[in-house]
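S.K.: What follows is a structure written as structure tokens; I'll ask about it next.
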Amino acid sequence: ELHVLNHPLVEHKLTVLRDKNTPSSTFRELVSELVMLGHEATRNLSVVAAPIETPVAPMTGKKLASPRPIIVPVLRAGLGMLDGMTRLIPLLIGFLGMKRDEEHPTQQVTYANRLPEDLSGRQCFLIDPMLATGGTLVAATHYLAERGAKDVTAINIIAAPEGIKYVEEHIAAIDFKVVVCAVDERLNDKCYIVPGLGDAGDRLYGVID
Ligand code: URA
């Protein structure tokens, strides 16, 4: 299931985000503010009845069900979306470090992970600004599914059609949803999204090498 956000504020923020003249500080701020993505992505969070008393009367409200959902930023660029997401909902946070193998862009190297062994019954949210080839998202989703996850939502800012197709072809047997701000034209020969916004990790945190 693919959901593309359609909102004038999202389009405005995304346009500033894409602009190559936007400095890192503003870029980081905008990525956090695009937390509106999280609102849409968390629409189906499980809740349970919660009896409380207001100063006026007893009532039955709703609270998040247990086990609490987990949010998994894919390092490094996914960290840029974490602050906004945690302001939205206090979730359990896991970490997954994956990067694409520059020689073979559809293959992934996992270089870090801090996740519960058992994810069964937990709604999982994978955050990563760019859905480019889809290789990272498929690998990360399989990683979660191997630990028992059956309900995974990917939250990305920009997706490429090629990545969406790859994900459609390689993820099955779990409840899987992708929420994005925009689907762009294509990937270039270096697997960057066109027009995209460049390297999200570099724009958030600077160029390391
Ligand atoms: N990762 C990025 O940061 N940018 C792209 O365009 C593609 C993958």
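Every chain in the structure tokens has a letter given in the order shown (A, B, ...), and although residue numbers restart at 1 in each chain, ligands are simply numbered from 1 in the order shown.
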Give me, as a list in words, all polymer residues having an atom no more than 12 Å from segment 187-193 of chain A, counting only C-alpha atoms and skipping those fewer than 4 positions away in the same chain.

M.R.: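 These residues fall inside the cut-off: Arg18, Arg100, Asp101, Glu102, Glu103, His104, Pro105, Thr106, Pro129, Met130, Leu131, Ala132, Thr133, Gly134, Gly135, Ile157, Ile158, Ala159, Ala160, Pro161, Glu162, Gly163, Ile164, Ala182, Val183, Leu197, Gly198, Asp199 and Ala200 of chain A.
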
S.K.: Based on DSSP run over this structure's backbone, return all residues of segment 4-206 of chain A in helix (DSSP H, G or I), as JSON, numbers by chain.

M.R.: {"A": [8, 9, 10, 11, 12, 13, 14, 15, 16, 17, 18, 24, 25, 26, 27, 28, 29, 30, 31, 32, 33, 36, 37, 38, 39, 40, 41, 77, 78, 79, 80, 81, 82, 83, 84, 85, 86, 87, 88, 135, 136, 137, 138, 139, 140, 141, 142, 143, 144, 145, 146, 161, 162, 163, 164, 165, 166, 167, 168, 169, 170, 200, 201, 202, 203, 204, 205]}

S.K.: Which residues are close to His12 of chain A, i.e. within 12 Å by only C-alpha atoms, leaving aside same-chain residues fewer than 3 positions away? Reply as a PDB file with all heavy atoms, in the first residue's frame.

M.R.:
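Saved the output as result.pdb:
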```pdb
ATOM      1  N   ASN A   6      -0.692  14.576   0.312  1.00  0.00           N
ATOM      2  CA  ASN A   6      -1.115  15.620  -0.598  1.00  0.00           C
ATOM      3  C   ASN A   6      -1.547  16.790   0.280  1.00  0.00           C
ATOM      4  O   ASN A   6      -2.655  16.810   0.794  1.00  0.00           O
ATOM      5  CB  ASN A   6      -2.277  15.042  -1.423  1.00  0.00           C
ATOM      6  CG  ASN A   6      -2.794  16.033  -2.413  1.00  0.00           C
ATOM      7  OD1 ASN A   6      -2.195  17.096  -2.606  1.00  0.00           O
ATOM      8  ND2 ASN A   6      -3.916  15.719  -3.039  1.00  0.00           N
ATOM      9  N   HIS A   7      -0.607  17.705   0.514  1.00  0.00           N
ATOM     10  CA  HIS A   7      -0.889  18.793   1.440  1.00  0.00           C
ATOM     11  C   HIS A   7      -0.024  19.993   1.046  1.00  0.00           C
ATOM     12  O   HIS A   7       1.173  19.841   0.834  1.00  0.00           O
ATOM     13  CB  HIS A   7      -0.545  18.320   2.872  1.00  0.00           C
ATOM     14  CG  HIS A   7      -1.066  19.220   3.933  1.00  0.00           C
ATOM     15  ND1 HIS A   7      -0.583  20.484   4.150  1.00  0.00           N
ATOM     16  CD2 HIS A   7      -2.043  19.025   4.846  1.00  0.00           C
ATOM     17  CE1 HIS A   7      -1.234  21.037   5.153  1.00  0.00           C
ATOM     18  NE2 HIS A   7      -2.134  20.168   5.586  1.00  0.00           N
ATOM     19  N   PRO A   8      -0.620  21.189   0.944  1.00  0.00           N
ATOM     20  CA  PRO A   8       0.162  22.341   0.495  1.00  0.00           C
ATOM     21  C   PRO A   8       1.374  22.642   1.369  1.00  0.00           C
ATOM     22  O   PRO A   8       2.427  23.051   0.867  1.00  0.00           O
ATOM     23  CB  PRO A   8      -0.839  23.503   0.551  1.00  0.00           C
ATOM     24  CG  PRO A   8      -2.130  22.964   1.012  1.00  0.00           C
ATOM     25  CD  PRO A   8      -2.033  21.497   1.188  1.00  0.00           C
ATOM     26  N   LEU A   9       1.268  22.406   2.688  1.00  0.00           N
ATOM     27  CA  LEU A   9       2.419  22.683   3.559  1.00  0.00           C
ATOM     28  C   LEU A   9       3.549  21.693   3.290  1.00  0.00           C
ATOM     29  O   LEU A   9       4.732  22.046   3.348  1.00  0.00           O
ATOM     30  CB  LEU A   9       1.999  22.560   5.036  1.00  0.00           C
ATOM     31  CG  LEU A   9       1.448  23.812   5.683  1.00  0.00           C
ATOM     32  CD1 LEU A   9       1.028  23.512   7.112  1.00  0.00           C
ATOM     33  CD2 LEU A   9       2.500  24.919   5.655  1.00  0.00           C
ATOM     34  N   THR A  15       9.756  21.734  -1.183  1.00  0.00           N
ATOM     35  CA  THR A  15      10.427  22.558  -2.190  1.00  0.00           C
ATOM     36  C   THR A  15      11.652  23.244  -1.587  1.00  0.00           C
ATOM     37  O   THR A  15      12.723  23.293  -2.196  1.00  0.00           O
ATOM     38  CB  THR A  15       9.437  23.598  -2.775  1.00  0.00           C
ATOM     39  OG1 THR A  15       8.340  22.870  -3.313  1.00  0.00           O
ATOM     40  CG2 THR A  15      10.074  24.443  -3.852  1.00  0.00           C
ATOM     41  N   VAL A  16      11.513  23.742  -0.358  1.00  0.00           N
ATOM     42  CA  VAL A  16      12.660  24.397   0.299  1.00  0.00           C
ATOM     43  C   VAL A  16      13.737  23.331   0.584  1.00  0.00           C
ATOM     44  O   VAL A  16      14.935  23.552   0.405  1.00  0.00           O
ATOM     45  CB  VAL A  16      12.223  25.117   1.596  1.00  0.00           C
ATOM     46  CG1 VAL A  16      13.404  25.830   2.251  1.00  0.00           C
ATOM     47  CG2 VAL A  16      11.104  26.118   1.309  1.00  0.00           C
ATOM     48  N   LEU A  17      13.295  22.155   0.992  1.00  0.00           N
ATOM     49  CA  LEU A  17      14.218  21.052   1.306  1.00  0.00           C
ATOM     50  C   LEU A  17      15.053  20.653   0.082  1.00  0.00           C
ATOM     51  O   LEU A  17      16.240  20.392   0.166  1.00  0.00           O
ATOM     52  CB  LEU A  17      13.374  19.861   1.770  1.00  0.00           C
ATOM     53  CG  LEU A  17      14.054  18.710   2.463  1.00  0.00           C
ATOM     54  CD1 LEU A  17      14.446  19.107   3.877  1.00  0.00           C
ATOM     55  CD2 LEU A  17      13.126  17.494   2.529  1.00  0.00           C
ATOM     56  N   ARG A  18      14.403  20.625  -1.071  1.00  0.00           N
ATOM     57  CA  ARG A  18      15.081  20.197  -2.296  1.00  0.00           C
ATOM     58  C   ARG A  18      16.111  21.213  -2.773  1.00  0.00           C
ATOM     59  O   ARG A  18      17.095  20.860  -3.411  1.00  0.00           O
ATOM     60  CB  ARG A  18      14.055  20.043  -3.420  1.00  0.00           C
ATOM     61  CG  ARG A  18      13.105  18.863  -3.297  1.00  0.00           C
ATOM     62  CD  ARG A  18      12.162  18.976  -4.469  1.00  0.00           C
ATOM     63  NE  ARG A  18      11.056  18.036  -4.521  1.00  0.00           N
ATOM     64  CZ  ARG A  18      11.131  16.798  -4.972  1.00  0.00           C
ATOM     65  NH1 ARG A  18      12.297  16.307  -5.353  1.00  0.00           N
ATOM     66  NH2 ARG A  18      10.056  16.035  -5.041  1.00  0.00           N
ATOM     67  N   ASP A  19      15.868  22.492  -2.483  1.00  0.00           N
ATOM     68  CA  ASP A  19      16.702  23.577  -3.014  1.00  0.00           C
ATOM     69  C   ASP A  19      18.153  23.405  -2.562  1.00  0.00           C
ATOM     70  O   ASP A  19      18.430  23.321  -1.363  1.00  0.00           O
ATOM     71  CB  ASP A  19      16.126  24.909  -2.503  1.00  0.00           C
ATOM     72  CG  ASP A  19      16.759  26.114  -3.180  1.00  0.00           C
ATOM     73  OD1 ASP A  19      17.934  26.018  -3.597  1.00  0.00           O
ATOM     74  OD2 ASP A  19      16.072  27.147  -3.267  1.00  0.00           O
ATOM     75  N   LEU A  30      13.515  21.281   8.568  1.00  0.00           N
ATOM     76  CA  LEU A  30      12.409  20.904   7.674  1.00  0.00           C
ATOM     77  C   LEU A  30      12.141  19.402   7.710  1.00  0.00           C
ATOM     78  O   LEU A  30      10.996  18.968   7.689  1.00  0.00           O
ATOM     79  CB  LEU A  30      12.739  21.328   6.238  1.00  0.00           C
ATOM     80  CG  LEU A  30      12.628  22.822   5.979  1.00  0.00           C
ATOM     81  CD1 LEU A  30      13.299  23.186   4.666  1.00  0.00           C
ATOM     82  CD2 LEU A  30      11.162  23.245   5.949  1.00  0.00           C
ATOM     83  N   GLU A  33      10.152  18.816  10.628  1.00  0.00           N
ATOM     84  CA  GLU A  33       8.786  19.342  10.504  1.00  0.00           C
ATOM     85  C   GLU A  33       7.928  18.486   9.583  1.00  0.00           C
ATOM     86  O   GLU A  33       6.710  18.499   9.674  1.00  0.00           O
ATOM     87  CB  GLU A  33       8.816  20.775   9.980  1.00  0.00           C
ATOM     88  CG  GLU A  33       9.319  21.756  11.016  1.00  0.00           C
ATOM     89  CD  GLU A  33       9.458  23.146  10.435  1.00  0.00           C
ATOM     90  OE1 GLU A  33       8.890  23.439   9.372  1.00  0.00           O
ATOM     91  OE2 GLU A  33      10.166  23.943  11.055  1.00  0.00           O
ATOM     92  N   LEU A  34       8.557  17.762   8.702  1.00  0.00           N
ATOM     93  CA  LEU A  34       7.774  16.901   7.801  1.00  0.00           C
ATOM     94  C   LEU A  34       7.213  15.708   8.565  1.00  0.00           C
ATOM     95  O   LEU A  34       6.817  14.700   7.998  1.00  0.00           O
ATOM     96  CB  LEU A  34       8.601  16.480   6.582  1.00  0.00           C
ATOM     97  CG  LEU A  34       8.705  17.589   5.545  1.00  0.00           C
ATOM     98  CD1 LEU A  34       9.797  17.303   4.530  1.00  0.00           C
ATOM     99  CD2 LEU A  34       7.386  17.807   4.827  1.00  0.00           C
ATOM    100  N   CYS A 181       6.149  11.819   0.837  1.00  0.00           N
ATOM    101  CA  CYS A 181       5.682  13.160   0.453  1.00  0.00           C
ATOM    102  C   CYS A 181       5.563  13.269  -1.062  1.00  0.00           C
ATOM    103  O   CYS A 181       4.743  14.017  -1.565  1.00  0.00           O
ATOM    104  CB  CYS A 181       6.699  14.226   0.869  1.00  0.00           C
ATOM    105  SG  CYS A 181       6.807  14.477   2.617  1.00  0.00           S
ATOM    106  N   ALA A 182       6.460  12.589  -1.783  1.00  0.00           N
ATOM    107  CA  ALA A 182       6.461  12.735  -3.243  1.00  0.00           C
ATOM    108  C   ALA A 182       7.088  11.518  -3.905  1.00  0.00           C
ATOM    109  O   ALA A 182       8.000  10.898  -3.352  1.00  0.00           O
ATOM    110  CB  ALA A 182       7.256  13.981  -3.637  1.00  0.00           C
TER     111      ALA A 182
END
```

S.K.: Contacts between segment 65-71 of chain A and segment 111-186 of chain A, please, where a residue of segment 111-186 of chain A counts if it comes within 6 Å (with only C-alpha atoms); show its shortest atom pair and distance in Å to one decimal, rows by chain and ascending number, as a tab-separated table.

M.R.:
```
residue	atom	partner	partner_atom	distance
A:Arg122	CA	A:Pro69	CA	5.3
A:Gln123	CA	A:Pro69	CA	4.7
A:Cys124	CA	A:Ile70	CA	5.0
A:Phe125	CA	A:Ile71	CA	4.6
```

S.K.: Which is closest to ligand 1 among A:Arg28, A:Arg114, A:Lys62, A:Lys99, if we use only C-alpha atoms and all ligand atoms?

M.R.: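 Closest to ligand 1, using only C-alpha atoms and all ligand atoms: A:Lys99.
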
S.K.: Using only C-alpha atoms, determine which residues lie at most 12 Å from Glu40 of chain A, disregarding the query and same-chain residues fewer than 3 positions distant; provide the list as a PyMOL selection string.

M.R.: chain A and resi 2-7+34-37+43-45+85+88+125+153-156+177-181

S.K.: Can you spit out the residues from that selection as a compact mmCIF listing (two decimals), in the first residue's frame, using N, CA, C and O atoms?

M.R.:
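Generated file (again00.txt):
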```
# COMPACT_ATOMS: atom_id res chain seq x y z
N LEU A 2 0.65 2.13 -0.98
CA LEU A 2 1.45 3.36 -1.08
C LEU A 2 0.56 4.57 -0.81
O LEU A 2 -0.50 4.71 -1.41
N HIS A 3 1.02 5.42 0.10
CA HIS A 3 0.24 6.63 0.38
C HIS A 3 1.12 7.85 0.13
O HIS A 3 2.17 8.00 0.77
N VAL A 4 0.71 8.71 -0.81
CA VAL A 4 1.47 9.93 -1.08
C VAL A 4 0.73 11.10 -0.42
O VAL A 4 -0.45 11.33 -0.69
N LEU A 5 1.45 11.82 0.46
CA LEU A 5 0.81 12.94 1.16
C LEU A 5 0.47 14.03 0.17
O LEU A 5 1.27 14.38 -0.70
N ASN A 6 -0.69 14.58 0.31
CA ASN A 6 -1.11 15.62 -0.60
C ASN A 6 -1.55 16.79 0.28
O ASN A 6 -2.65 16.81 0.79
N HIS A 7 -0.61 17.71 0.51
CA HIS A 7 -0.89 18.79 1.44
C HIS A 7 -0.02 19.99 1.05
O HIS A 7 1.17 19.84 0.83
N LEU A 34 8.56 17.76 8.70
CA LEU A 34 7.77 16.90 7.80
C LEU A 34 7.21 15.71 8.56
O LEU A 34 6.82 14.70 8.00
N VAL A 35 7.16 15.86 9.86
CA VAL A 35 6.58 14.90 10.77
C VAL A 35 5.10 14.65 10.45
O VAL A 35 4.53 13.66 10.88
N MET A 36 4.54 15.52 9.65
CA MET A 36 3.17 15.29 9.19
C MET A 36 3.05 13.93 8.54
O MET A 36 2.01 13.30 8.55
N LEU A 37 4.16 13.49 7.96
CA LEU A 37 4.22 12.13 7.40
C LEU A 37 3.87 11.10 8.46
O LEU A 37 3.22 10.11 8.20
N ARG A 43 -1.81 6.36 11.42
CA ARG A 43 -3.27 6.36 11.46
C ARG A 43 -3.85 5.04 11.99
O ARG A 43 -4.88 5.03 12.65
N ASN A 44 -3.17 3.94 11.72
CA ASN A 44 -3.71 2.63 12.12
C ASN A 44 -3.05 2.06 13.38
O ASN A 44 -3.05 0.83 13.58
N LEU A 45 -2.47 2.92 14.20
CA LEU A 45 -1.90 2.42 15.45
C LEU A 45 -2.97 1.72 16.28
O LEU A 45 -4.10 2.20 16.37
N MET A 85 9.52 12.49 14.86
CA MET A 85 8.69 11.32 15.16
C MET A 85 8.52 11.12 16.67
O MET A 85 7.45 10.79 17.14
N LEU A 88 6.11 13.40 18.14
CA LEU A 88 4.75 13.03 17.78
C LEU A 88 4.22 11.93 18.70
O LEU A 88 3.13 12.02 19.22
N PHE A 125 7.89 0.96 12.48
CA PHE A 125 7.97 2.09 11.56
C PHE A 125 9.43 2.29 11.17
O PHE A 125 10.27 2.58 12.03
N THR A 153 5.55 -0.23 8.53
CA THR A 153 5.25 0.97 7.73
C THR A 153 6.57 1.69 7.47
O THR A 153 7.32 1.97 8.41
N ALA A 154 6.84 1.97 6.21
CA ALA A 154 8.03 2.75 5.86
C ALA A 154 7.61 4.20 5.69
O ALA A 154 6.59 4.49 5.06
N ILE A 155 8.37 5.10 6.31
CA ILE A 155 8.10 6.53 6.17
C ILE A 155 9.30 7.14 5.45
O ILE A 155 10.41 7.14 5.98
N ASN A 156 9.07 7.59 4.24
CA ASN A 156 10.14 8.19 3.43
C ASN A 156 9.68 9.56 2.97
O ASN A 156 8.48 9.78 2.84
N LYS A 177 3.23 -1.02 4.38
CA LYS A 177 2.70 0.25 3.86
C LYS A 177 3.86 1.23 3.69
O LYS A 177 4.80 1.22 4.49
N VAL A 178 3.79 2.06 2.66
CA VAL A 178 4.80 3.11 2.47
C VAL A 178 4.08 4.46 2.45
O VAL A 178 3.10 4.63 1.73
N VAL A 179 4.59 5.40 3.23
CA VAL A 179 4.03 6.76 3.22
C VAL A 179 5.13 7.72 2.78
O VAL A 179 6.24 7.69 3.34
N VAL A 180 4.86 8.52 1.75
CA VAL A 180 5.87 9.44 1.22
C VAL A 180 5.27 10.81 0.96
O VAL A 180 4.05 10.96 0.84
N CYS A 181 6.15 11.82 0.84
CA CYS A 181 5.68 13.16 0.45
C CYS A 181 5.56 13.27 -1.06
O CYS A 181 4.74 14.02 -1.57
```

S.K.: Within 12 Å of Ile208 of chain A, counting only C-alpha atoms, which residues show up once you throw out same-chain ones fewer than 4 positions away? Write them as a list in words, please.

M.R.: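 Skipping anything fewer than 4 positions along the chain leaves Arg76, Asp199, Gly201, Asp202, Arg203 and Leu204 of chain A.
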
S.K.: Given the selection you just returned, output its residues as a file containing N, CA, C and O atoms, formatted as an mmCIF file, in the first residue's frame.

M.R.:
```
data_model
loop_
_atom_site.group_PDB
_atom_site.id
_atom_site.type_symbol
_atom_site.label_atom_id
_atom_site.label_comp_id
_atom_site.auth_asym_id
_atom_site.auth_seq_id
_atom_site.Cartn_x
_atom_site.Cartn_y
_atom_site.Cartn_z
ATOM 1 N N ARG A 76 22.424 6.504 8.155
ATOM 2 C CA ARG A 76 22.513 7.642 9.013
ATOM 3 C C ARG A 76 21.366 8.625 8.786
ATOM 4 O O ARG A 76 20.891 9.284 9.726
ATOM 5 N N ASP A 199 22.181 13.918 -1.669
ATOM 6 C CA ASP A 199 22.442 12.905 -0.642
ATOM 7 C C ASP A 199 21.867 13.403 0.689
ATOM 8 O O ASP A 199 22.366 14.378 1.265
ATOM 9 N N GLY A 201 21.899 12.197 3.722
ATOM 10 C CA GLY A 201 22.834 12.138 4.856
ATOM 11 C C GLY A 201 23.814 13.304 4.809
ATOM 12 O O GLY A 201 24.061 13.965 5.822
ATOM 13 N N ASP A 202 24.355 13.581 3.635
ATOM 14 C CA ASP A 202 25.307 14.696 3.492
ATOM 15 C C ASP A 202 24.633 16.032 3.774
ATOM 16 O O ASP A 202 25.213 16.923 4.397
ATOM 17 N N ARG A 203 23.400 16.179 3.311
ATOM 18 C CA ARG A 203 22.727 17.474 3.495
ATOM 19 C C ARG A 203 22.346 17.680 4.964
ATOM 20 O O ARG A 203 22.310 18.798 5.459
ATOM 21 N N LEU A 204 22.067 16.569 5.664
ATOM 22 C CA LEU A 204 21.743 16.680 7.093
ATOM 23 C C LEU A 204 22.988 16.898 7.929
ATOM 24 O O LEU A 204 23.000 17.722 8.847
#
```

S.K.: If you run DSSP on the backbone, which residues of segment 73-209 of chain A are strand (DSSP E or B), as a ChimeraX atom specification?

M.R.: /A:73-75,92-93,95-101,104-114,124-127,130-131,151-155,158-159,175-180,182-183,186-187,193-194

S.K.: Quick one: everything within 8 Å of Val31 of chain A, counting only C-alpha atoms, minus sequence neighbours fewer than 6 positions away in the same chain. Send it as a PyMOL selection string.

M.R.: chain A and resi 17+80-81+84
